[in-house]
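Asks: Structure below; questions to follow.
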Amino acid sequence: MISKMKTILTHVFLMAISIISIFPLVWMIIAASNKSVDVIAGKLTLGTNFIENYKNLISQQPLWGTFWNSCRYTIFVTVFALIVSALAGYSLEIYKEKAKEKIYIVVLMSMMIPFVALMVPLFRMYSKLGLLNTVLGFMLPSLATPLLIMMFRTNAKAFPIDIIEAARIDGLSEFGIFFKMYIPSMKAIFAAAGVVTFMNAWNNYLWAKVIMSDDTTQTMPMLISNLTSGYATDYGLLMLAVLITTIPTAIVFFALQKYFVEGITGSVK
């Protein structure tokens with residue numbers, strides 16, 4: 001009887017947590033279909049203003065151009081950050097160099113430096129290099145992320161060194177070992193790191209606001225900020241923009257969720 005009660009209470013608790021977690025998403029969808037006055041009034045039923053909100057949004061902001069900018073920047077950052085961080089984590093674990101632990105400590109210590117402390121010197125350096133309003137300027141600070149390097153190094157511990165030595169004897173190059181053997185066997189950690197990197201790059205507002213001063217290069221978080229910068233905020237319009245911004249990250253997460261937990265678990269063993 002006690003065991004049955006525990007099971008019931010557990011299910012009730014999990015259902016309550018699920019409802020609380022999903023409610024913001026449901027409310028966002030509802031708000032996107034209503035007028036601003038209805039959103040302010042707390043209306044919790046779907047409205048008929050979705051198309052009108054969409055028309056107003058594309059008339060006020062370059063929605064799909066901005067959406068394409070975010071997609072382009074995020075894809076570049078995700079792909080190159082995974083390659084660079086994976087190479088760094090792999091080399092820090094596989095190659096037996098005396099100084100590698102000191103280098104790794106420096107990498108981990110860099111996690112304690114807030115990004116806002118680096119923005120001014122980065123901006124001055126990038127402006128002199130002509131990297132303002134460019135994809136390269138946006139992606140460079142995110143290519144070597146200490147968290148990703150730590151994740152890849154931890155997972156590289158599970159990669160058999162005997163296989164690497166056998167591949168070397170067979171004449172396979174170091175890059176061949178990495179791309180043909182290491183990457184295919186580490187799908188879970190690449191999926192987990194890919195989700196984390198994609199979400200961070202997609203939601204990156206602060207650095208994008210600093211480096212992207214041209215309206216034609218703005219990202220979705222910047223567009224949402226523009227919608228809240230006037231004297232009066234149209235909340236139906238705002239929630240529609242937030243909903244559109246949320247869709248890519250949701251698609252990526254649900255597409256890779258099979259490997260996400262496995263990759264995160266493996267990285268903290």
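Residue numbering restarts at 1 in every chain; chains get A, B, ... in the order shown in the structure tokens, and ligands count up from 1 in that same order.
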With only C-alpha atoms as the counted atoms, please give the residues lying no more than 7 Å from Thr217 in chain A, apart from itself and same-chain residues fewer than 5 positions off, as a PDB file with N, CA and C atoms, in the first residue's frame.
Replies:
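The result, written out as result_29.pdb:
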```pdb
ATOM      1  N   ASN A  69      20.398  35.236 -41.154  1.00  0.00           N
ATOM      2  CA  ASN A  69      21.661  35.620 -40.521  1.00  0.00           C
ATOM      3  C   ASN A  69      21.962  34.732 -39.325  1.00  0.00           C
ATOM      4  N   ASN A 133      30.931  43.379 -38.255  1.00  0.00           N
ATOM      5  CA  ASN A 133      29.826  43.028 -39.165  1.00  0.00           C
ATOM      6  C   ASN A 133      30.193  41.882 -40.107  1.00  0.00           C
ATOM      7  N   MET A 212      28.013  43.370 -34.371  1.00  0.00           N
ATOM      8  CA  MET A 212      27.126  43.576 -35.521  1.00  0.00           C
ATOM      9  C   MET A 212      26.384  44.915 -35.372  1.00  0.00           C
TER      10      MET A 212
END
```
Asks: Can you list, as a list in words, every protein, DNA or RNA residue that comes within 8 Å of Ala201 in chain A when you count only C-alpha atoms, leaving out same-chain residues fewer than 3 positions away?
Replies: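 Result of the neighbour search: Tyr73, Thr74, Val77, Thr78, Ser142, Thr197, Phe198 and Asn204 of chain A.
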Asks: Just want the 6 Å neighbourhood of range 23-34 of chain A, counted on only C-alpha atoms, with same-chain residues fewer than 4 positions away dropped. Output as number ranges by chain.
Replies: A: 19, 39, 46-50, 236, 239-240
Asks: Nearest to Ile113 in chain A: which of A:Met186, A:Lys209, A:Pro146, A:Gln60 is it, counting only C-alpha atoms?
Replies: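 Answer, going by the shortest atom-to-atom distance: A:Pro146.
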Asks: With only C-alpha atoms as the basis for distance, which of A:Leu108, A:Ile211, A:Ser85, A:Lys98 is at the shortest distance from Arg124 in chain A?
Replies: A:Ile211
Asks: Could you go through range 22-91 of chain A and tell me which residues DSSP, when run on the backbone, assigns to helix (DSSP H, G or I), listing them as a ChimeraX atom specification?
Replies: /A:22-32,36-41,50-60,63-91
Asks: Between A:Leu129, A:Met151, A:Ile58, A:Leu122, which one has atoms that come closest to Tyr90 in chain A, using only C-alpha atoms?
Replies: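 Nearest candidate to Tyr90 in chain A out of A:Leu129, A:Met151, A:Ile58, A:Leu122: A:Met151.
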Asks: Quick one: residues within 12 Å of Phe175 in chain A, only C-alpha atoms counted, chain neighbours fewer than 3 positions away excluded, as a list in words?
Replies: Ile83, Ala86, Leu87, Tyr90, Ser91, Ile164, Ala167, Arg168, Gly171, Leu172, Phe178, Phe179, Lys180, Met181, Tyr182 and Ile183 of chain A
Asks: Nearest to Trp207 in chain A among A:Tyr54, A:Phe13, A:Phe138, A:Tyr235, with distances taken over only C-alpha atoms: which residue is it?
Replies: A:Phe138
Asks: With a distance cut-off of 9 Å and only C-alpha atoms, select the neighbouring residues of Lys157 in chain A, excluding the residue or stretch itself and same-chain residues fewer than 4 positions from it, and output the selection as a list of chain:residue names.
Replies: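 Contacts, in chain order: A:Tyr90, A:Glu93, A:Ile94, A:Phe152, A:Arg153, A:Ile161.
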Asks: The selected residues should be written to file as a PDB file, in the first residue's frame (atoms: N, CA and C atoms).
Replies:
```pdb
ATOM      1  N   TYR A  90      40.988  16.127 -27.708  1.00  0.00           N
ATOM      2  CA  TYR A  90      41.625  14.874 -28.139  1.00  0.00           C
ATOM      3  C   TYR A  90      43.132  14.933 -27.944  1.00  0.00           C
ATOM      4  N   GLU A  93      44.442  14.777 -24.331  1.00  0.00           N
ATOM      5  CA  GLU A  93      44.347  13.467 -23.682  1.00  0.00           C
ATOM      6  C   GLU A  93      45.262  12.429 -24.325  1.00  0.00           C
ATOM      7  N   ILE A  94      45.352  12.411 -25.648  1.00  0.00           N
ATOM      8  CA  ILE A  94      46.053  11.339 -26.358  1.00  0.00           C
ATOM      9  C   ILE A  94      47.567  11.542 -26.380  1.00  0.00           C
ATOM     10  N   PHE A 152      35.257  17.085 -24.407  1.00  0.00           N
ATOM     11  CA  PHE A 152      35.916  16.208 -25.378  1.00  0.00           C
ATOM     12  C   PHE A 152      37.116  15.504 -24.767  1.00  0.00           C
ATOM     13  N   ARG A 153      37.836  16.185 -23.891  1.00  0.00           N
ATOM     14  CA  ARG A 153      38.983  15.524 -23.268  1.00  0.00           C
ATOM     15  C   ARG A 153      38.520  14.381 -22.365  1.00  0.00           C
ATOM     16  N   ILE A 161      43.702   3.507 -26.657  1.00  0.00           N
ATOM     17  CA  ILE A 161      45.003   3.930 -27.185  1.00  0.00           C
ATOM     18  C   ILE A 161      45.603   2.856 -28.082  1.00  0.00           C
TER      19      ILE A 161
END
```
Asks: Take CA of Phe115 in chain A and CA of Thr145 in chain A and report the distance between them in Å, one decimal.
Replies: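 Interatomic distance here is 11.7 Å.
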Asks: Just give me the gap between CA of Ala117 in chain A and CA of Asp214 in chain A in Å, one decimal is fine.
Replies: 23.4 Å
Asks: What does the structure give for the distance between CA of Gln218 in chain A and CA of Ile51 in chain A, in Å to one decimal?
Replies: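 Here the two named atoms are 24.1 Å from each other.
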